[in-house]
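Peer 1: Would you mind keeping the following structure in view while I ask a few things?
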Amino acid sequence: MLVLSRHRDESIIIGDDIVITVVDIRGDKVRLGINAPVEIPVHRQEVYEAIQRENKQAAQMDPAAARDAVGSNAVAHPRDRRPPAPS
Amino acid sequence: MEILTTRFGPVTINAQDRVEFPKGLVGVAQLKRFALVADPQVRGLTWLQSTRDPVWALALVSPRVFVPDFAIRTTPDQLRPIQLESAGDADVYVTLNRTVQNFTVNLQAPIIIHRRRSLGMQLVLSDSQFSVRHTINFGAPLRMSA
């Protein structure tokens, strides 16, 4: 692994268009600012891994179980069928 | 066209059921082409079925059905992969999963579909109080078995 030392407000550049800046350092916590093109998703690693695990596990879902979950809940919310829009 | 699925056998899908995820799913970038298949038995259940891998299908539900106060805060930038300009063009789903005891939905990474453009993405909500495994409660006040 490449290891670089940076002070607060200093940056590193990855490739031509990804800039990571040390915004703040407090105790054992570092705040990073990340400037990257929109096509490069940026995630906290543990969040990324949790979602990856979840996706792989959710892909094993068995239709009968899914129908149980949705079917029994539909009784409670018969009207709400429309998915919400992002704000 | 007809696709093969392990759960439903051969399924005929129309052009408007196809949806491309330019970035794939989070951590599963290799799968980009899917079809939205309505569950043949239960309303409100949709399968995001890979058109390339018959085994790969995620059960999608509307988050509002299970979590009435679920709302997504995001920016146009985050939705650029699916060219979404207007919130009204988005269909929002969450994936359904089960643990040993419960059913859960992934509220932290909802699936956003731009139906008109047939594009989809999995959005990661970064400062969300919503979890990857949100246990859903069965709200039905009355359950009877035969």
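Here's how to read the names in the structure tokens: chain A, B, ... by the order shown, residue numbers from 1 in each chain, ligand numbers from 1 in the order shown.
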Can you pull out every residue within 9 Å of Leu25 of chain B, counting only C-alpha atoms, but drop anything in the same chain fewer than 4 positions away, and send it as a ChimeraX atom specification?
Peer 2: /A:52,55 /B:21,29-32,111,121-122
Peer 1: Save out the residues we just selected, N, CA and C atoms, as a short mmCIF file (atom, residue, chain, number, x, y, z; two decimals), in the first residue's frame.
Peer 2:
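Once written, out-v3.cif looks like this:
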```
data_model
loop_
_atom_site.label_atom_id
_atom_site.label_comp_id
_atom_site.auth_asym_id
_atom_site.auth_seq_id
_atom_site.Cartn_x
_atom_site.Cartn_y
_atom_site.Cartn_z
N GLN A 52 -23.15 -4.92 -0.32
CA GLN A 52 -22.75 -6.02 -1.20
C GLN A 52 -23.20 -7.36 -0.64
N ASN A 55 -26.97 -7.61 -0.89
CA ASN A 55 -27.42 -7.90 -2.26
C ASN A 55 -27.26 -9.38 -2.59
N PHE B 21 -28.87 -1.31 -15.57
CA PHE B 21 -28.17 -0.66 -14.47
C PHE B 21 -26.75 -0.36 -14.95
N ALA B 29 -21.10 -5.39 -9.64
CA ALA B 29 -21.09 -4.51 -10.81
C ALA B 29 -21.25 -5.25 -12.13
N GLN B 30 -21.00 -6.56 -12.10
CA GLN B 30 -21.00 -7.27 -13.38
C GLN B 30 -22.41 -7.49 -13.93
N LEU B 31 -23.41 -7.41 -13.07
CA LEU B 31 -24.77 -7.61 -13.55
C LEU B 31 -25.41 -6.26 -13.86
N LYS B 32 -25.66 -6.02 -15.14
CA LYS B 32 -26.17 -4.71 -15.55
C LYS B 32 -27.53 -4.78 -16.22
N ILE B 111 -33.51 0.89 -4.62
CA ILE B 111 -33.36 0.74 -6.08
C ILE B 111 -34.23 1.80 -6.74
N MET B 121 -30.63 2.18 -10.90
CA MET B 121 -29.42 2.24 -10.09
C MET B 121 -29.78 1.91 -8.64
N GLN B 122 -28.74 1.52 -7.91
CA GLN B 122 -28.92 1.34 -6.47
C GLN B 122 -28.27 2.54 -5.79
#
```
Peer 1: Give me the residues near Asp62 of chain A as a ChimeraX atom specification, where near means some atom within 9 Å (using only C-alpha atoms) and where sequence neighbours in that chain fewer than 5 positions away do not count.
Peer 2: /A:67 /B:7,59
Peer 1: For the selection you just gave me, I'd like the residues written to a file as a compact mmCIF listing (two decimals), in the first residue's frame, keeping N, CA, C and O atoms.
Peer 2:
```txt
# COMPACT_ATOMS: atom_id res chain seq x y z
N ARG A 67 -43.55 -13.90 -0.99
CA ARG A 67 -45.01 -13.74 -1.09
C ARG A 67 -45.65 -13.69 0.29
O ARG A 67 -46.58 -12.94 0.53
N ARG B 7 -36.33 -19.35 -10.81
CA ARG B 7 -37.52 -19.31 -9.96
C ARG B 7 -38.82 -19.49 -10.74
O ARG B 7 -39.76 -20.12 -10.26
N ALA B 59 -36.03 -9.60 -4.77
CA ALA B 59 -37.44 -9.28 -4.55
C ALA B 59 -37.55 -7.80 -4.19
O ALA B 59 -36.90 -7.33 -3.26
```
Peer 1: Have a look at B:Ser118, B:Asn106, B:Thr75, B:Gln41 and name the one nearest to Arg53 of chain A; count only C-alpha atoms.
Peer 2: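 Ranking B:Ser118, B:Asn106, B:Thr75, B:Gln41 by distance to Arg53 of chain A, first place goes to B:Asn106.
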Peer 1: Please identify all residues of chain B having at least one atom at most 8 Å from any atom of chain A, considering only C-alpha atoms, and return them as a PyMOL selection string.
Peer 2: chain B and resi 7+25-28+41-45+55-59+61-66+71-74+77-78+80-81+87-93+95-98+103+106+109+124+126+132+138-141
Peer 1: Among segment 2-145 of chain B, which residues does DSSP mark as alpha helix (DSSP H) when it is run on the backbone? Keep the chain and numbering as in the structure and answer as a list in words.
Peer 2: Pro63, Arg64, Val65 and Phe66 of chain B
Peer 1: Take the selection from the previous step and output its residues with N, CA and C atoms, as a tab-separated table (two decimals), in the first residue's frame.
Peer 2:
```
chain	number	residue	atom	x	y	z
B	63	PRO	N	-41.09	0.74	-0.55
B	63	PRO	CA	-40.74	0.98	0.85
B	63	PRO	C	-41.90	1.54	1.65
B	64	ARG	N	-42.74	2.32	1.00
B	64	ARG	CA	-43.84	2.98	1.73
B	64	ARG	C	-44.82	1.98	2.33
B	65	VAL	N	-44.90	0.82	1.72
B	65	VAL	CA	-45.83	-0.18	2.23
B	65	VAL	C	-45.40	-0.66	3.62
B	66	PHE	N	-44.08	-0.74	3.78
B	66	PHE	CA	-43.56	-1.26	5.04
B	66	PHE	C	-43.09	-0.18	6.00
```
Peer 1: Would you work out the distance separating atom CA of Asp17 of chain B from atom CA of Thr135 of chain B, expressed in Å to one decimal?
Peer 2: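 Atom CA of Thr135 of chain B lies at a distance of 29.0 Å from atom CA of Asp17 of chain B.
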Peer 1: B:Val105, B:Ser86, B:Asp53, B:Phe70: which is nearest Gln129 of chain B, counting only C-alpha atoms?
Peer 2: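 Checking each of B:Val105, B:Ser86, B:Asp53, B:Phe70 against Gln129 of chain B, counting only C-alpha atoms, the winner is B:Phe70.
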Peer 1: Quick one: pick out all strand (DSSP E or B) residues within segment 2-43 of chain A from a backbone DSSP run and write them as a ChimeraX atom specification.
Peer 2: /A:11-14,18-26,29-35
Peer 1: Quick check, in Å to one decimal: how far apart do atom CA of Val23 of chain A and atom CA of Glu10 of chain A lie?
Peer 2: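 About the pair atom CA of Val23 of chain A and atom CA of Glu10 of chain A: they are 8.0 Å apart.
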Peer 1: Which is closest to Val11 of chain B among B:Thr51, B:Leu60, B:Ile113, B:Thr46, if we use only C-alpha atoms?
Peer 2: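 Result for the nearest residue to Val11 of chain B: B:Thr51.
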Peer 1: Between B:Arg116, B:Pro68, B:Leu48, B:Leu4, which has the minimum distance to Glu85 of chain B (counting only C-alpha atoms)?
Peer 2: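 Closest residue, counting only C-alpha atoms: B:Arg116.
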